[in-house]
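Containing compact mmCIF, C-alpha atoms and all ligand atoms: structure.txt.
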# COMPACT_ATOMS: atom_id res chain seq x y z
CA MET L 167 98.15 82.51 128.04
CA SER L 168 95.89 79.57 127.43
CA PRO L 169 94.10 78.80 124.18
CA GLU L 170 90.91 78.73 126.23
CA ARG L 171 91.17 82.45 126.85
CA ILE L 172 91.53 83.08 123.10
CA LYS L 173 88.54 80.88 122.33
CA GLU L 174 86.49 82.70 124.93
CA LEU L 175 87.35 86.06 123.34
CA SER L 176 86.58 84.68 119.86
CA ARG L 177 83.11 83.72 121.07
CA GLN L 178 82.72 87.10 122.74
CA TYR L 179 83.65 89.02 119.55
CA PHE L 180 81.94 86.69 117.11
CA GLU L 181 78.75 88.68 116.55
CA HIS L 182 80.69 91.90 116.14
CA VAL L 183 83.08 90.32 113.62
CA ARG L 184 80.13 88.83 111.74
CA THR L 185 78.63 92.33 111.49
CA LEU L 186 81.97 93.59 110.11
CA ARG L 187 82.09 90.76 107.59
CA ARG L 188 78.54 91.43 106.43
CA HIS L 189 79.25 95.13 106.03
CA LEU L 190 82.36 94.37 103.95
CA HIS L 191 80.46 91.78 101.93
CA SER L 192 77.71 94.29 101.11
CA HIS L 193 80.23 96.96 100.09
CA PRO L 194 82.84 95.22 97.91
CA GLU L 195 85.45 97.22 96.00
CA LEU L 196 87.69 96.17 93.13
CA SER L 197 91.47 95.76 93.36
CA PHE L 198 93.39 98.94 94.22
CA GLN L 199 90.11 100.84 94.66
CA GLU L 200 89.43 99.75 98.25
CA HIS L 201 88.87 103.29 99.56
CA GLU L 202 85.73 102.73 101.65
CA THR L 203 87.04 99.39 102.83
CA ALA L 204 90.33 100.92 103.97
CA ALA L 205 88.49 103.72 105.80
CA PHE L 206 86.24 101.15 107.47
CA VAL L 207 89.25 99.06 108.56
CA ALA L 208 91.12 102.12 109.87
CA GLU L 209 88.05 103.26 111.81
CA GLU L 210 87.64 99.85 113.42
CA LEU L 211 91.34 99.82 114.39
CA ARG L 212 90.97 103.27 115.95
CA ASN L 213 87.95 102.03 117.88
CA MET L 214 90.24 99.44 119.49
CA GLY L 215 92.67 102.15 120.52
CA LEU L 216 95.21 101.47 117.75
CA GLN L 217 96.84 104.06 115.51
CA PRO L 218 96.57 102.84 111.93
CA HIS L 219 98.75 104.04 109.08
CA THR L 220 96.64 104.51 105.96
CA GLY L 221 97.28 105.20 102.29
CA ILE L 222 100.12 102.69 102.04
CA ALA L 223 100.57 101.66 98.40
CA GLY L 224 97.29 103.45 97.69
CA THR L 225 94.68 101.91 99.97
CA GLY L 226 96.76 99.70 102.28
CA VAL L 227 96.41 99.97 106.07
CA THR L 228 98.81 98.80 108.77
CA ALA L 229 98.92 98.99 112.55
CA ILE L 230 101.18 97.72 115.30
CA ILE L 231 100.07 96.04 118.51
CA GLU L 232 102.82 96.04 121.10
CA GLY L 233 102.84 93.40 123.78
CA GLN L 234 105.31 93.25 126.63
CA ALA L 235 109.02 93.88 126.06
CA GLY L 236 110.36 91.62 123.34
CA SER L 237 112.12 92.20 120.06
CA ALA L 238 110.32 89.67 117.84
CA VAL L 239 107.80 90.97 115.30
CA ILE L 240 105.16 88.85 113.60
CA ALA L 241 102.95 90.14 110.79
CA LEU L 242 99.39 89.05 110.10
CA ARG L 243 98.03 89.76 106.64
CA ALA L 244 94.58 90.16 105.15
CA ASP L 245 93.65 91.20 101.62
CA MET L 246 90.71 93.58 101.04
CA ASP L 247 89.74 93.51 97.34
CA ALA L 248 86.72 91.97 95.63
CA LEU L 249 86.11 90.60 92.13
CA PRO L 250 84.19 91.78 89.05
CA ILE L 251 81.43 89.18 89.56
CA GLN L 252 77.65 89.73 89.91
CA GLU L 253 76.54 88.11 93.16
CA GLU L 254 73.69 85.60 92.86
CA ASN L 255 73.21 84.87 96.57
CA GLU L 256 69.87 86.01 97.99
CA VAL L 257 71.16 86.93 101.43
CA GLU L 258 70.49 90.09 103.43
CA TYR L 259 74.15 91.04 103.25
CA ARG L 260 74.42 90.53 99.48
CA SER L 261 76.60 92.91 97.46
CA GLN L 262 75.12 96.37 97.00
CA HIS L 263 77.65 97.20 94.30
CA ASP L 264 76.51 96.05 90.89
CA GLY L 265 78.92 93.63 89.23
CA VAL L 266 81.31 93.55 92.18
CA MET L 267 81.42 90.76 94.75
CA HIS L 268 83.56 89.42 97.57
CA ALA L 269 83.71 86.07 95.79
CA CYS L 270 87.19 85.16 97.03
CA GLY L 271 86.43 85.59 100.74
CA HIS L 272 88.68 88.61 101.26
CA ASP L 273 85.85 90.05 103.41
CA VAL L 274 86.36 86.98 105.60
CA HIS L 275 90.12 87.51 105.83
CA THR L 276 89.73 91.21 106.64
CA SER L 277 87.02 90.79 109.28
CA SER L 278 88.87 87.82 110.83
CA LEU L 279 92.02 89.91 111.13
CA LEU L 280 90.04 92.74 112.72
CA GLY L 281 88.71 90.18 115.21
CA ALA L 282 92.22 88.85 115.84
CA ALA L 283 93.38 92.44 116.40
CA ARG L 284 90.73 92.88 119.11
CA ILE L 285 91.86 89.69 120.82
CA LEU L 286 95.52 90.71 120.62
CA GLN L 287 94.83 94.20 121.88
CA GLU L 288 92.78 92.79 124.79
CA THR L 289 95.55 90.35 125.80
CA LYS L 290 98.68 92.42 125.11
CA ASN L 291 99.74 92.40 128.76
CA ASN L 292 100.08 88.64 128.52
CA TRP L 293 102.53 88.18 125.63
CA ARG L 294 105.93 89.47 124.49
CA GLY L 295 106.86 91.11 121.21
CA SER L 296 104.95 93.06 118.55
CA ILE L 297 102.40 92.27 115.91
CA ARG L 298 102.09 94.16 112.67
CA LEU L 299 98.67 94.01 111.06
CA ILE L 300 98.74 94.28 107.26
CA PHE L 301 95.55 95.01 105.34
CA GLN L 302 96.64 95.05 101.72
CA PRO L 303 94.96 96.11 98.48
CA GLY L 304 94.78 94.30 95.17
CA GLU L 305 95.47 90.60 95.71
CA GLU L 306 93.53 89.73 92.55
CA LYS L 307 95.36 91.98 90.13
CA LEU L 308 98.92 92.52 88.91
CA PRO L 309 101.31 93.71 90.20
CA GLY L 310 99.70 92.41 93.42
CA GLY L 311 99.11 94.52 96.52
CA ALA L 312 101.60 92.43 98.47
CA SER L 313 104.46 93.52 96.21
CA THR L 314 103.50 97.19 96.43
CA MET L 315 103.12 96.99 100.23
CA ILE L 316 106.56 95.35 100.53
CA ALA L 317 108.01 98.09 98.32
CA GLU L 318 106.52 100.61 100.78
CA GLY L 319 108.45 98.89 103.56
CA VAL L 320 105.76 97.02 105.55
CA LEU L 321 108.25 94.28 106.40
CA LYS L 322 110.76 96.77 107.80
CA ASN L 323 111.01 99.25 110.70
CA PRO L 324 110.70 97.20 112.77
CA SER L 325 111.86 94.29 110.70
CA VAL L 326 109.28 91.51 110.59
CA ASP L 327 110.47 88.01 111.56
CA GLY L 328 107.61 85.99 110.12
CA ILE L 329 104.16 86.36 108.59
CA PHE L 330 100.87 84.46 108.66
CA GLY L 331 97.99 84.64 106.20
CA GLN L 332 94.87 82.58 105.66
CA HIS L 333 92.45 81.89 102.83
CA ALA L 334 88.83 80.80 102.86
CA PHE L 335 88.45 77.36 101.27
CA THR L 336 85.06 75.77 100.61
CA PRO L 337 86.17 72.13 100.16
CA TYR L 338 87.24 72.11 103.82
CA LYS L 339 84.47 72.14 106.38
CA VAL L 340 83.92 74.99 108.79
CA GLY L 341 85.98 74.49 111.96
CA THR L 342 88.90 72.93 110.11
CA VAL L 343 92.15 74.32 108.74
CA ALA L 344 94.77 72.89 106.40
CA PHE L 345 98.49 73.55 106.17
CA CYS L 346 101.06 72.85 103.50
CA PRO L 347 104.69 72.90 104.66
CA GLY L 348 107.06 73.98 101.88
CA ARG L 349 105.80 74.83 98.44
CA MET L 350 102.08 75.45 98.28
CA MET L 351 101.12 77.55 95.25
CA ALA L 352 102.64 78.28 91.87
CA SER L 353 104.24 81.30 90.28
CA THR L 354 102.20 82.72 87.43
CA ASP L 355 103.47 84.56 84.36
CA GLU L 356 101.59 85.61 81.25
CA LEU L 357 102.73 85.00 77.68
CA TYR L 358 101.76 87.17 74.71
CA LEU L 359 103.42 85.91 71.52
CA THR L 360 102.87 87.16 67.99
CA VAL L 361 104.36 85.60 64.84
CA ARG L 362 104.48 88.05 61.95
CA GLY L 363 104.62 86.83 58.35
CA LYS L 364 103.00 88.04 55.18
CA GLY L 365 99.44 87.10 54.35
CA GLY L 366 97.58 86.73 51.08
CA HIS L 367 95.74 84.23 48.89
CA ALA L 368 96.03 80.76 50.38
CA ALA L 369 96.48 79.21 46.92
CA TYR L 370 99.91 80.85 46.59
CA PRO L 371 101.76 80.19 49.89
CA HIS L 372 105.16 80.23 48.14
CA LEU L 373 104.67 83.95 47.46
CA LEU L 374 103.83 84.64 51.15
CA LYS L 375 105.23 84.04 54.61
CA ASP L 376 102.65 81.84 56.28
CA PRO L 377 102.76 82.38 60.08
CA VAL L 378 100.23 79.61 60.83
CA PRO L 379 102.47 76.52 60.62
CA VAL L 380 105.22 78.45 62.40
CA ALA L 381 102.83 79.24 65.26
CA ALA L 382 101.84 75.58 65.33
CA ARG L 383 105.49 74.53 65.67
CA ILE L 384 106.01 77.08 68.45
CA ILE L 385 102.96 75.84 70.36
CA ASP L 386 104.09 72.25 69.99
CA ALA L 387 107.65 73.06 71.11
CA LEU L 388 106.48 75.14 74.10
CA HIS L 389 104.43 72.20 75.37
CA GLN L 390 107.55 70.04 75.38
CA ILE L 391 109.43 72.35 77.76
CA THR L 392 107.92 70.80 80.88
CA GLY L 393 108.41 67.27 79.59
CA ARG L 394 111.98 67.64 78.33
CA LEU L 395 113.75 70.60 79.93
CA ILE L 396 112.35 70.31 83.44
CA SER L 397 112.83 67.44 85.86
CA PRO L 398 109.79 65.15 86.03
CA LEU L 399 109.91 65.71 89.80
CA GLU L 400 109.27 69.44 89.43
CA PRO L 401 105.70 70.70 89.05
CA ALA L 402 105.45 73.05 86.08
CA VAL L 403 102.83 74.05 83.52
CA VAL L 404 103.00 75.80 80.15
CA SER L 405 99.55 76.35 78.64
CA ILE L 406 98.60 78.29 75.54
CA GLY L 407 94.94 79.23 75.96
CA LYS L 408 94.38 81.62 73.10
CA VAL L 409 95.39 81.37 69.44
CA GLU L 410 94.23 83.93 66.94
CA ALA L 411 94.84 83.71 63.18
CA ARG L 412 92.42 86.00 61.42
CA GLY L 413 92.57 84.38 58.01
CA ALA L 414 89.91 82.35 56.20
CA THR L 415 89.66 79.08 54.25
CA ASN L 416 91.43 80.76 51.37
CA VAL L 417 93.27 83.56 53.20
CA ILE L 418 96.61 83.29 54.97
CA PRO L 419 96.74 85.89 57.77
CA ASP L 420 99.59 88.35 58.28
CA GLU L 421 100.11 87.22 61.83
CA VAL L 422 99.17 84.73 64.51
CA HIS L 423 98.75 85.82 68.10
CA MET L 424 99.02 83.45 71.07
CA GLU L 425 98.46 83.91 74.80
CA GLY L 426 99.23 81.56 77.63
CA THR L 427 100.44 81.02 81.16
CA VAL L 428 103.56 79.59 82.79
CA ARG L 429 103.33 78.10 86.29
CA ALA L 430 106.09 76.73 88.49
CA MET L 431 106.82 75.99 92.14
CA ASN L 432 110.44 77.08 92.19
CA GLU L 433 111.99 80.37 91.08
CA ASP L 434 114.92 78.74 89.23
CA ILE L 435 112.59 76.46 87.31
CA ARG L 436 110.34 79.43 86.60
CA ASN L 437 113.23 81.38 85.09
CA THR L 438 114.45 78.36 83.10
CA ILE L 439 110.98 77.98 81.56
CA LEU L 440 110.62 81.67 80.74
CA GLU L 441 114.05 81.72 79.08
CA ALA L 442 113.12 78.60 77.10
CA VAL L 443 109.82 80.16 75.98
CA GLU L 444 111.65 83.19 74.66
CA ARG L 445 114.43 81.21 72.97
CA ILE L 446 112.14 78.62 71.36
CA THR L 447 109.69 81.24 70.12
CA ARG L 448 112.38 83.48 68.64
CA GLN L 449 114.43 80.73 67.05
CA THR L 450 111.48 78.77 65.67
CA ALA L 451 110.23 81.94 64.00
CA ALA L 452 113.73 82.85 62.79
CA ALA L 453 114.17 79.38 61.24
CA SER L 454 111.26 80.22 58.93
CA GLY L 455 112.31 83.81 58.36
CA MET L 456 109.46 85.27 60.41
CA GLU L 457 109.47 88.05 62.92
CA VAL L 458 108.12 87.53 66.37
CA VAL L 459 107.03 89.67 69.30
CA VAL L 460 107.65 88.03 72.67
CA ASP L 461 105.93 89.76 75.57
CA ILE L 462 106.34 87.95 78.88
CA ARG L 463 104.62 89.61 81.83
CA ARG L 464 105.91 88.38 85.14
CA GLY L 465 103.23 87.84 87.74
CA TYR L 466 103.34 86.41 91.26
CA PRO L 467 106.23 84.23 92.45
CA SER L 468 105.65 80.80 93.97
CA LEU L 469 104.29 80.59 97.49
CA VAL L 470 106.63 78.61 99.72
CA ASN L 471 105.75 78.12 103.37
CA ASP L 472 108.57 77.98 105.88
CA VAL L 473 108.68 74.30 106.89
CA GLU L 474 109.61 74.85 110.53
CA MET L 475 107.27 77.75 111.15
CA THR L 476 104.44 75.82 109.48
CA GLY L 477 105.29 72.77 111.59
CA ARG L 478 104.87 74.88 114.74
CA ALA L 479 101.60 76.30 113.38
CA ILE L 480 100.26 72.79 112.75
CA ALA L 481 101.07 71.74 116.33
CA ARG L 482 99.32 74.86 117.66
CA ALA L 483 96.27 74.34 115.46
CA GLU L 484 95.98 70.73 116.65
CA ASN L 485 96.19 71.95 120.19
CA TYR L 486 93.68 74.76 119.58
CA LEU L 487 91.11 73.02 117.36
CA GLY L 488 91.75 69.33 118.04
CA LYS L 489 93.82 66.96 115.88
CA GLU L 490 90.86 65.80 113.78
CA GLN L 491 90.20 69.39 112.63
CA VAL L 492 93.66 69.93 111.12
CA PHE L 493 94.68 68.62 107.71
CA LEU L 494 97.60 68.70 105.32
CA ALA L 495 96.68 70.67 102.21
CA GLU L 496 98.10 69.55 98.90
CA PRO L 497 100.04 72.03 96.78
CA ARG L 498 98.05 73.58 93.92
CA MET L 499 99.11 75.33 90.71
CA GLY L 500 96.90 78.34 91.43
CA ALA L 501 98.58 81.58 92.49
CA GLU L 502 98.27 84.01 95.39
CA ASP L 503 100.18 87.23 95.99
CA PHE L 504 100.97 86.26 99.62
CA ALA L 505 103.82 84.54 97.73
CA PHE L 506 105.69 87.87 97.64
CA TYR L 507 105.94 87.87 101.44
CA SER L 508 107.03 84.22 101.42
CA GLN L 509 109.93 85.14 99.11
CA GLU L 510 111.11 87.75 101.64
CA ILE L 511 110.66 86.29 105.14
CA PRO L 512 109.54 83.02 106.79
CA ALA L 513 105.85 82.69 105.99
CA CYS L 514 102.91 80.44 106.69
CA PHE L 515 99.75 80.60 104.59
CA TYR L 516 96.95 78.21 105.46
CA ARG L 517 93.49 77.29 104.32
CA LEU L 518 90.53 78.15 106.51
CA GLY L 519 87.63 75.71 106.16
CA THR L 520 84.49 77.70 105.30
CA GLY L 521 82.28 75.09 103.61
CA ASN L 522 79.29 73.27 105.05
CA PRO L 523 77.52 70.77 102.75
CA GLU L 524 74.70 70.27 105.31
CA LYS L 525 73.81 73.94 104.96
CA GLY L 526 74.33 73.84 101.19
CA ILE L 527 77.51 75.96 101.39
CA THR L 528 79.58 74.34 98.69
CA SER L 529 80.29 76.97 96.01
CA PHE L 530 83.96 77.42 95.21
CA ILE L 531 85.71 80.80 95.31
CA HIS L 532 85.40 83.04 92.22
CA THR L 533 81.81 81.91 91.55
CA PRO L 534 78.65 84.09 91.84
CA THR L 535 77.22 81.84 94.57
CA PHE L 536 80.30 81.70 96.79
CA ASP L 537 79.48 82.14 100.49
CA ILE L 538 80.80 80.84 103.78
CA ASP L 539 79.50 79.28 106.97
CA GLU L 540 80.10 82.33 109.15
CA ASP L 541 81.05 80.17 112.14
CA ALA L 542 84.40 80.04 110.31
CA LEU L 543 85.05 83.59 111.54
CA MET L 544 85.52 82.19 115.05
CA THR L 545 88.41 80.00 113.83
CA GLY L 546 89.54 82.72 111.43
CA MET L 547 90.16 85.25 114.19
CA GLY L 548 91.08 82.97 117.09
CA LEU L 549 93.68 80.78 115.46
CA MET L 550 95.31 83.80 113.80
CA ALA L 551 95.69 85.50 117.19
CA TRP L 552 96.83 82.33 118.94
CA ASN L 553 99.42 81.55 116.28
CA ALA L 554 100.85 85.06 116.42
CA ILE L 555 101.11 85.04 120.21
CA GLU L 556 102.72 81.60 120.36
CA GLU L 557 105.14 82.34 117.52
CA LEU L 558 106.26 85.48 119.36
CA GLN L 559 106.81 83.57 122.59
CA PHE L 560 108.81 80.98 120.64
CA ARG L 561 111.02 83.68 119.16
CA SER L 562 111.62 85.78 122.25
ZN ZN N 1 90.82 85.13 94.32
ZN ZN N 2 91.80 85.24 97.36
Full structure transcribed into structure tokens:
Amino acid sequence: MSPERIKELSRQYFEHVRTLRRHLHSHPELSFQEHETAAFVAEELRNMGLQPHTGIAGTGVTAIIEGQAGSAVIALRADMDALPIQEENEVEYRSQHDGVMHACGHDVHTSSLLGAARILQETKNNWRGSIRLIFQPGEEKLPGGASTMIAEGVLKNPSVDGIFGQHAFTPYKVGTVAFCPGRMMASTDELYLTVRGKGGHAAYPHLLKDPVPVAARIIDALHQITGRLISPLEPAVVSIGKVEARGATNVIPDEVHMEGTVRAMNEDIRNTILEAVERITRQTAAASGMEVVVDIRRGYPSLVNDVEMTGRAIARAENYLGKEQVFLAEPRMGAEDFAFYSQEIPACFYRLGTGNPEKGITSFIHTPTFDIDEDALMTGMGLMAWNAIEELQFRS
């Protein structure tokens, strides 16, 4: 198989895939409610002669494409959910669902994977092994569709050897991609902390239990975790973004409520921070005789790309797109539920350039004016297919 053949098929399927993307963009659905989207995906897979499994973890869809004899299995993943954002783009394919928008490009990931599936199905006599397509629900919302799909066994029977995923990224120009070997995105956990004292007239604090200075000490101490308990070489963030003390100039409140986020790039560091948050909050409150409620909600783990598999993907991308179109992406403290797969099996998640300043396509994801240069679909489907085929040949 030559990359030229894949490029030729990408060009051939481009208009069709663009139609799919525009349909998905016009009909966005929120996390874990992707019913029409899942039906649309399943129908398209059936049209290619595949036999999709539907209703996995709610609205998830999977299918297997079998090439020639070979035991290796590679998974390709797309997410299908949209965001609660009102679209402001005046395009013919704008969202027809009020207050819901594909503002994170999951329509791009889904249509690109459907395009890749067509290419793989068309060429299956020319490669060895199997490819599992994973269309998952709910990337944007806890507990994360990836975790529920894994719990349903999408990485087993047959057991998957490696997985690829991609994400639209405006700062990179259409036609380019960017990889990040090793750690790429952070874990994310939510903190809900409440200090309970006893409120009353602010002129008589000695008769009360003032939770405000205790909360202040907790906030201060939590911000020192990253600077003092964690190695300076380890990326980590503790941020408190919400503090609520419903007193007044002359009223001490009964309680102070705080909310925040913890981010890390390593599961041990993540656990160390979460334990420290709990210990510091409890003991700081106890030192002042206050009660405290510590509610830590674990979110997505950190996304770590397999270094060797990503190295091979970079070499393939350079070969497929040309060296000048392939970049190294820097790690970011944002989160992505593809991380769940990366904690289970060798994984490679990369950024797909979708921006084009000359055409005014510069809006970042999660904004009401987010859009892509649709030529990115050509790279989105072709490179996905090419990577999967080459990874299978490498492994068999
Ligand atoms: Zn998003
Ligand atoms: Zn996303």
Taking only residues of chain L that have an atom at most 12 Å from an atom of ligand ZN 1 (chain N), what is each one's shortest atom pair and its distance in Å to one decimal, using only C-alpha atoms and all ligand atoms, in chain and number order, as a tab-separated table?
residue	atom	partner	partner_atom	distance
L:Leu196	CA	N:ZN1	ZN	11.5
L:Ser197	CA	N:ZN1	ZN	10.7
L:Asp245	CA	N:ZN1	ZN	9.9
L:Met246	CA	N:ZN1	ZN	10.8
L:Asp247	CA	N:ZN1	ZN	9.0
L:Ala248	CA	N:ZN1	ZN	8.1
L:Leu249	CA	N:ZN1	ZN	7.5
L:Pro250	CA	N:ZN1	ZN	10.8
L:Ile251	CA	N:ZN1	ZN	11.3
L:Met267	CA	N:ZN1	ZN	11.0
L:His268	CA	N:ZN1	ZN	9.0
L:Ala269	CA	N:ZN1	ZN	7.3
L:Cys270	CA	N:ZN1	ZN	4.5
L:Gly271	CA	N:ZN1	ZN	7.8
L:His272	CA	N:ZN1	ZN	8.1
L:Asp273	CA	N:ZN1	ZN	11.5
L:His275	CA	N:ZN1	ZN	11.8
L:Gly304	CA	N:ZN1	ZN	10.0
L:Glu305	CA	N:ZN1	ZN	7.3
L:Glu306	CA	N:ZN1	ZN	5.6
L:Lys307	CA	N:ZN1	ZN	9.2
L:Gly310	CA	N:ZN1	ZN	11.5
L:His333	CA	N:ZN1	ZN	9.3
L:Ala334	CA	N:ZN1	ZN	9.8
L:Phe335	CA	N:ZN1	ZN	10.7
L:Gly500	CA	N:ZN1	ZN	9.6
L:Ala501	CA	N:ZN1	ZN	8.7
L:Glu502	CA	N:ZN1	ZN	7.6
L:Asp503	CA	N:ZN1	ZN	9.7
L:Phe504	CA	N:ZN1	ZN	11.5
L:Phe530	CA	N:ZN1	ZN	10.4
L:Ile531	CA	N:ZN1	ZN	6.8
L:His532	CA	N:ZN1	ZN	6.2
L:Thr533	CA	N:ZN1	ZN	10.0
L:Phe536	CA	N:ZN1	ZN	11.3
Could those selected residues go to a file with C-alpha atoms, as an mmCIF file, keeping the file's coordinate frame?
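So part_6.cif came out as:
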data_model
loop_
_atom_site.group_PDB
_atom_site.id
_atom_site.type_symbol
_atom_site.label_atom_id
_atom_site.label_comp_id
_atom_site.auth_asym_id
_atom_site.auth_seq_id
_atom_site.Cartn_x
_atom_site.Cartn_y
_atom_site.Cartn_z
ATOM 1 C CA LEU L 196 87.690 96.170 93.130
ATOM 2 C CA SER L 197 91.470 95.760 93.360
ATOM 3 C CA ASP L 245 93.650 91.200 101.620
ATOM 4 C CA MET L 246 90.710 93.580 101.040
ATOM 5 C CA ASP L 247 89.740 93.510 97.340
ATOM 6 C CA ALA L 248 86.720 91.970 95.630
ATOM 7 C CA LEU L 249 86.110 90.600 92.130
ATOM 8 C CA PRO L 250 84.190 91.780 89.050
ATOM 9 C CA ILE L 251 81.430 89.180 89.560
ATOM 10 C CA MET L 267 81.420 90.760 94.750
ATOM 11 C CA HIS L 268 83.560 89.420 97.570
ATOM 12 C CA ALA L 269 83.710 86.070 95.790
ATOM 13 C CA CYS L 270 87.190 85.160 97.030
ATOM 14 C CA GLY L 271 86.430 85.590 100.740
ATOM 15 C CA HIS L 272 88.680 88.610 101.260
ATOM 16 C CA ASP L 273 85.850 90.050 103.410
ATOM 17 C CA HIS L 275 90.120 87.510 105.830
ATOM 18 C CA GLY L 304 94.780 94.300 95.170
ATOM 19 C CA GLU L 305 95.470 90.600 95.710
ATOM 20 C CA GLU L 306 93.530 89.730 92.550
ATOM 21 C CA LYS L 307 95.360 91.980 90.130
ATOM 22 C CA GLY L 310 99.700 92.410 93.420
ATOM 23 C CA HIS L 333 92.450 81.890 102.830
ATOM 24 C CA ALA L 334 88.830 80.800 102.860
ATOM 25 C CA PHE L 335 88.450 77.360 101.270
ATOM 26 C CA GLY L 500 96.900 78.340 91.430
ATOM 27 C CA ALA L 501 98.580 81.580 92.490
ATOM 28 C CA GLU L 502 98.270 84.010 95.390
ATOM 29 C CA ASP L 503 100.180 87.230 95.990
ATOM 30 C CA PHE L 504 100.970 86.260 99.620
ATOM 31 C CA PHE L 530 83.960 77.420 95.210
ATOM 32 C CA ILE L 531 85.710 80.800 95.310
ATOM 33 C CA HIS L 532 85.400 83.040 92.220
ATOM 34 C CA THR L 533 81.810 81.910 91.550
ATOM 35 C CA PHE L 536 80.300 81.700 96.790
#
Surrounding residues of Val239 (chain L) excluding itself and chain neighbours under 5 positions, 8 Å, only C-alpha atoms, as a VMD selection string: chain L and resid 295 to 298 324 to 328 558
Counting all atoms listed in the file, figure out which residue out of L:Glu400, L:Glu232, L:Glu202, L:Glu174 gets nearest to Ile555 (chain L). L:Glu232
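Note that CA of Glu209 (chain L) and CA of His182 (chain L) are 14.2 Å apart.
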Scan for residues within 12 Å of the point (105.7, 84.8, 91.9) in the coordinates of the file, using only C-alpha atoms, and reply as a PDB file with C-alpha atoms, in the coordinates of the input.
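Everything below was put into out.pdb:
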ATOM      1  CA  LEU L 308      98.920  92.520  88.910  1.00  0.00           C
ATOM      2  CA  PRO L 309     101.310  93.710  90.200  1.00  0.00           C
ATOM      3  CA  GLY L 310      99.700  92.410  93.420  1.00  0.00           C
ATOM      4  CA  ALA L 312     101.600  92.430  98.470  1.00  0.00           C
ATOM      5  CA  SER L 313     104.460  93.520  96.210  1.00  0.00           C
ATOM      6  CA  ARG L 349     105.800  74.830  98.440  1.00  0.00           C
ATOM      7  CA  MET L 350     102.080  75.450  98.280  1.00  0.00           C
ATOM      8  CA  MET L 351     101.120  77.550  95.250  1.00  0.00           C
ATOM      9  CA  ALA L 352     102.640  78.280  91.870  1.00  0.00           C
ATOM     10  CA  SER L 353     104.240  81.300  90.280  1.00  0.00           C
ATOM     11  CA  THR L 354     102.200  82.720  87.430  1.00  0.00           C
ATOM     12  CA  ASP L 355     103.470  84.560  84.360  1.00  0.00           C
ATOM     13  CA  GLU L 356     101.590  85.610  81.250  1.00  0.00           C
ATOM     14  CA  VAL L 428     103.560  79.590  82.790  1.00  0.00           C
ATOM     15  CA  ARG L 429     103.330  78.100  86.290  1.00  0.00           C
ATOM     16  CA  ALA L 430     106.090  76.730  88.490  1.00  0.00           C
ATOM     17  CA  MET L 431     106.820  75.990  92.140  1.00  0.00           C
ATOM     18  CA  ASN L 432     110.440  77.080  92.190  1.00  0.00           C
ATOM     19  CA  GLU L 433     111.990  80.370  91.080  1.00  0.00           C
ATOM     20  CA  ASP L 434     114.920  78.740  89.230  1.00  0.00           C
ATOM     21  CA  ILE L 435     112.590  76.460  87.310  1.00  0.00           C
ATOM     22  CA  ARG L 436     110.340  79.430  86.600  1.00  0.00           C
ATOM     23  CA  ASN L 437     113.230  81.380  85.090  1.00  0.00           C
ATOM     24  CA  ARG L 463     104.620  89.610  81.830  1.00  0.00           C
ATOM     25  CA  ARG L 464     105.910  88.380  85.140  1.00  0.00           C
ATOM     26  CA  GLY L 465     103.230  87.840  87.740  1.00  0.00           C
ATOM     27  CA  TYR L 466     103.340  86.410  91.260  1.00  0.00           C
ATOM     28  CA  PRO L 467     106.230  84.230  92.450  1.00  0.00           C
ATOM     29  CA  SER L 468     105.650  80.800  93.970  1.00  0.00           C
ATOM     30  CA  LEU L 469     104.290  80.590  97.490  1.00  0.00           C
ATOM     31  CA  VAL L 470     106.630  78.610  99.720  1.00  0.00           C
ATOM     32  CA  MET L 499      99.110  75.330  90.710  1.00  0.00           C
ATOM     33  CA  GLY L 500      96.900  78.340  91.430  1.00  0.00           C
ATOM     34  CA  ALA L 501      98.580  81.580  92.490  1.00  0.00           C
ATOM     35  CA  GLU L 502      98.270  84.010  95.390  1.00  0.00           C
ATOM     36  CA  ASP L 503     100.180  87.230  95.990  1.00  0.00           C
ATOM     37  CA  PHE L 504     100.970  86.260  99.620  1.00  0.00           C
ATOM     38  CA  ALA L 505     103.820  84.540  97.730  1.00  0.00           C
ATOM     39  CA  PHE L 506     105.690  87.870  97.640  1.00  0.00           C
ATOM     40  CA  TYR L 507     105.940  87.870 101.440  1.00  0.00           C
ATOM     41  CA  SER L 508     107.030  84.220 101.420  1.00  0.00           C
ATOM     42  CA  GLN L 509     109.930  85.140  99.110  1.00  0.00           C
ATOM     43  CA  GLU L 510     111.110  87.750 101.640  1.00  0.00           C
TER      44      GLU L 510
END
For Ala411 (chain L): contacts at 12 Å, only C-alpha atoms, fewer than 2 positions along chain excluded, given as a PyMOL selection string: chain L and resi 360-363+365+376-382+408-409+413-415+417-424
Straight-line distance linking CA of Ile406 (chain L) with CA of Glu441 (chain L), stated in Å to one decimal: 16.2 Å
